[in-house]
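Participant: Pasting in a structure now, in structure tokens, and then I'll have a few things to ask.
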Amino acid sequence: LKLTLTAIGPDQTFAMLCLAVGFAAVLAFFMMAAQNEAHFKQVSQVFQSKVGRFLKADDICSNSGESCSETQCCASRFENCFQRSAGFHFCSSSCSPQEWDCKEPFAHPLALARQTEKWPDVVAICGAGTALVDPMAFEEKYNGKCQNFCTAAGKAINEPLMFAVLGPQYGEVHGCRGDKEDSYKGAVCECSIPDRL
């Protein structure tokens, strides 16, 4: 067997280098895919579950006033699954923190980080990061500004960078009337944290 070596020009060298790098990338991809197959399946199941809930909310999510402990979602996009007490969750457009826990344990983790149920001077919680502020406190303590309220809310949960996203609007206009008579007169303030939802 006779082996003949010929000089390789720069074009062929570059082409061979590209081919080798491409082969290595494909090999690395398949190795990663094989290692992470279980992870991919888990992510796929979660994605399908979330998409299924979105597309078939009427079929699998709870209606207004119903328990959402099992479904973990509400059929109406204007309602949230609020916790009354440990193990008891119901669909409602707002929640009174004086009577309920008002946590939303099934909300996105980044939304939960706002800890709306711990904010001061709240008449009703409209959802993660959105609350009806007591009208008197809103004017007297926060000078009628959601930014001032959100700063105070941030201090209450050790998040000094809390800032206002929306507000003020009034509950009746905004669609968050609250649970108590006349509570819709509170100002709606939406607060967030940098790099959060």
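By convention in this document, the chains of the structure tokens carry letters A, B, ... by their order, each chain's residues are numbered from 1, and ligands are numbered from 1 in the order they are shown.
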Name the residues of stretch 80-184 of chain A that come out as strand (DSSP E or B) in a backbone DSSP run; write them as a VMD selection string.
Facilitator: chain A and resid 80 to 85 88 to 92 95 122 to 127 130 to 133 163 to 170
Participant: The selected residues should be written to file as a PDB file, in the first residue's frame (atoms: N, CA and C atoms).
Facilitator:
ATOM      1  N   ASN A  80     -57.542  35.804  40.249  1.00  0.00           N
ATOM      2  CA  ASN A  80     -56.335  35.102  40.695  1.00  0.00           C
ATOM      3  C   ASN A  80     -56.722  34.063  41.739  1.00  0.00           C
ATOM      4  N   CYS A  81     -55.839  33.102  41.914  1.00  0.00           N
ATOM      5  CA  CYS A  81     -56.067  32.055  42.901  1.00  0.00           C
ATOM      6  C   CYS A  81     -55.435  32.495  44.218  1.00  0.00           C
ATOM      7  N   PHE A  82     -56.267  33.067  45.098  1.00  0.00           N
ATOM      8  CA  PHE A  82     -55.793  33.590  46.385  1.00  0.00           C
ATOM      9  C   PHE A  82     -55.929  32.539  47.482  1.00  0.00           C
ATOM     10  N   GLN A  83     -55.009  32.586  48.421  1.00  0.00           N
ATOM     11  CA  GLN A  83     -55.059  31.683  49.572  1.00  0.00           C
ATOM     12  C   GLN A  83     -55.834  32.335  50.705  1.00  0.00           C
ATOM     13  N   ARG A  84     -56.873  31.637  51.169  1.00  0.00           N
ATOM     14  CA  ARG A  84     -57.625  32.130  52.331  1.00  0.00           C
ATOM     15  C   ARG A  84     -56.861  31.780  53.604  1.00  0.00           C
ATOM     16  N   SER A  85     -56.460  30.516  53.685  1.00  0.00           N
ATOM     17  CA  SER A  85     -55.615  30.022  54.771  1.00  0.00           C
ATOM     18  C   SER A  85     -54.903  28.789  54.215  1.00  0.00           C
ATOM     19  N   PHE A  88     -56.403  26.249  51.584  1.00  0.00           N
ATOM     20  CA  PHE A  88     -57.678  26.718  51.041  1.00  0.00           C
ATOM     21  C   PHE A  88     -57.432  27.883  50.089  1.00  0.00           C
ATOM     22  N   HIS A  89     -57.774  27.688  48.813  1.00  0.00           N
ATOM     23  CA  HIS A  89     -57.522  28.682  47.778  1.00  0.00           C
ATOM     24  C   HIS A  89     -58.778  28.878  46.945  1.00  0.00           C
ATOM     25  N   PHE A  90     -59.087  30.135  46.608  1.00  0.00           N
ATOM     26  CA  PHE A  90     -60.300  30.430  45.853  1.00  0.00           C
ATOM     27  C   PHE A  90     -60.027  31.480  44.785  1.00  0.00           C
ATOM     28  N   CYS A  91     -60.780  31.404  43.682  1.00  0.00           N
ATOM     29  CA  CYS A  91     -60.652  32.362  42.593  1.00  0.00           C
ATOM     30  C   CYS A  91     -61.434  33.625  42.906  1.00  0.00           C
ATOM     31  N   SER A  92     -60.763  34.757  42.797  1.00  0.00           N
ATOM     32  CA  SER A  92     -61.403  36.043  43.060  1.00  0.00           C
ATOM     33  C   SER A  92     -60.642  37.144  42.328  1.00  0.00           C
ATOM     34  N   CYS A  95     -58.555  40.427  46.918  1.00  0.00           N
ATOM     35  CA  CYS A  95     -58.466  39.732  48.201  1.00  0.00           C
ATOM     36  C   CYS A  95     -58.247  40.744  49.317  1.00  0.00           C
ATOM     37  N   VAL A 122     -52.894  48.492  52.696  1.00  0.00           N
ATOM     38  CA  VAL A 122     -53.584  47.904  51.553  1.00  0.00           C
ATOM     39  C   VAL A 122     -55.027  47.562  51.933  1.00  0.00           C
ATOM     40  N   VAL A 123     -55.967  48.015  51.111  1.00  0.00           N
ATOM     41  CA  VAL A 123     -57.384  47.708  51.297  1.00  0.00           C
ATOM     42  C   VAL A 123     -57.708  46.366  50.652  1.00  0.00           C
ATOM     43  N   ALA A 124     -57.146  46.126  49.473  1.00  0.00           N
ATOM     44  CA  ALA A 124     -57.357  44.867  48.765  1.00  0.00           C
ATOM     45  C   ALA A 124     -56.170  44.599  47.842  1.00  0.00           C
ATOM     46  N   ILE A 125     -55.898  43.320  47.633  1.00  0.00           N
ATOM     47  CA  ILE A 125     -54.854  42.910  46.695  1.00  0.00           C
ATOM     48  C   ILE A 125     -55.543  42.488  45.410  1.00  0.00           C
ATOM     49  N   CYS A 126     -55.079  43.045  44.304  1.00  0.00           N
ATOM     50  CA  CYS A 126     -55.687  42.752  42.996  1.00  0.00           C
ATOM     51  C   CYS A 126     -54.927  41.649  42.274  1.00  0.00           C
ATOM     52  N   GLY A 127     -53.711  41.389  42.675  1.00  0.00           N
ATOM     53  CA  GLY A 127     -52.862  40.379  42.054  1.00  0.00           C
ATOM     54  C   GLY A 127     -51.434  40.599  42.526  1.00  0.00           C
ATOM     55  N   THR A 130     -49.917  44.192  42.610  1.00  0.00           N
ATOM     56  CA  THR A 130     -50.922  45.237  42.397  1.00  0.00           C
ATOM     57  C   THR A 130     -51.885  45.267  43.569  1.00  0.00           C
ATOM     58  N   ALA A 131     -52.068  46.457  44.137  1.00  0.00           N
ATOM     59  CA  ALA A 131     -52.926  46.568  45.316  1.00  0.00           C
ATOM     60  C   ALA A 131     -53.747  47.850  45.293  1.00  0.00           C
ATOM     61  N   LEU A 132     -54.863  47.820  46.023  1.00  0.00           N
ATOM     62  CA  LEU A 132     -55.661  49.017  46.281  1.00  0.00           C
ATOM     63  C   LEU A 132     -55.160  49.599  47.600  1.00  0.00           C
ATOM     64  N   VAL A 133     -54.660  50.810  47.545  1.00  0.00           N
ATOM     65  CA  VAL A 133     -54.126  51.463  48.740  1.00  0.00           C
ATOM     66  C   VAL A 133     -55.245  52.262  49.405  1.00  0.00           C
ATOM     67  N   PHE A 163     -40.203  49.789  42.778  1.00  0.00           N
ATOM     68  CA  PHE A 163     -40.600  51.003  42.074  1.00  0.00           C
ATOM     69  C   PHE A 163     -42.005  50.859  41.504  1.00  0.00           C
ATOM     70  N   ALA A 164     -42.620  51.997  41.169  1.00  0.00           N
ATOM     71  CA  ALA A 164     -43.985  52.005  40.641  1.00  0.00           C
ATOM     72  C   ALA A 164     -43.982  51.707  39.156  1.00  0.00           C
ATOM     73  N   VAL A 165     -44.894  50.829  38.737  1.00  0.00           N
ATOM     74  CA  VAL A 165     -45.069  50.502  37.330  1.00  0.00           C
ATOM     75  C   VAL A 165     -46.321  51.181  36.795  1.00  0.00           C
ATOM     76  N   LEU A 166     -47.350  51.241  37.635  1.00  0.00           N
ATOM     77  CA  LEU A 166     -48.638  51.768  37.221  1.00  0.00           C
ATOM     78  C   LEU A 166     -49.265  52.516  38.373  1.00  0.00           C
ATOM     79  N   GLY A 167     -49.969  53.602  38.053  1.00  0.00           N
ATOM     80  CA  GLY A 167     -50.762  54.245  39.072  1.00  0.00           C
ATOM     81  C   GLY A 167     -50.590  55.749  39.062  1.00  0.00           C
ATOM     82  N   PRO A 168     -51.403  56.439  39.855  1.00  0.00           N
ATOM     83  CA  PRO A 168     -52.588  55.830  40.472  1.00  0.00           C
ATOM     84  C   PRO A 168     -53.784  55.839  39.519  1.00  0.00           C
ATOM     85  N   GLN A 169     -54.564  54.802  39.597  1.00  0.00           N
ATOM     86  CA  GLN A 169     -55.886  54.761  38.988  1.00  0.00           C
ATOM     87  C   GLN A 169     -56.804  54.341  40.116  1.00  0.00           C
ATOM     88  N   TYR A 170     -58.064  54.492  39.921  1.00  0.00           N
ATOM     89  CA  TYR A 170     -58.961  54.112  40.998  1.00  0.00           C
ATOM     90  C   TYR A 170     -59.615  52.774  40.696  1.00  0.00           C
TER      91      TYR A 170
END
Participant: Could you work out how far atom CA of A:Glu117 lies from atom CA of A:Ser96, giving the answer in Å with one decimal?
Facilitator: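 We find that atom CA of A:Ser96 and atom CA of A:Glu117 lie 9.2 Å from each other.
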Participant: Could you pull out the residues in stretch 53-146 of chain A that DSSP calls alpha helix (DSSP H) from the backbone, as number ranges by chain?
Facilitator: A: 53-55, 57-60, 109-112, 135-140, 146
Participant: Which of these residues is nearest to A:Gly144, using only C-alpha atoms: A:Gly129, A:Gly186, A:Pro105, A:Pro194?
Facilitator: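 Of A:Gly129, A:Gly186, A:Pro105, A:Pro194, the one nearest A:Gly144, counting only C-alpha atoms, is A:Gly186.
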Participant: Excluding same-chain residues fewer than 2 positions from A:Gln72, what lies within 12 Å of it counting only C-alpha atoms, as JSON, numbers by chain?
Facilitator: {"A": [49, 50, 53, 57, 60, 61, 62, 63, 66, 67, 68, 69, 70, 74, 75, 79, 80, 81, 82, 83, 87, 88, 89, 90, 91, 104, 105, 106, 107, 108]}
Participant: Let me make sure I understand: among A:Lys118, A:Ala137, A:Leu110, A:Cys146, which one has the smallest atom-to-atom distance to A:Ile193 if we use only C-alpha atoms?
Facilitator: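 Of A:Lys118, A:Ala137, A:Leu110, A:Cys146, the one nearest A:Ile193, counting only C-alpha atoms, is A:Leu110.
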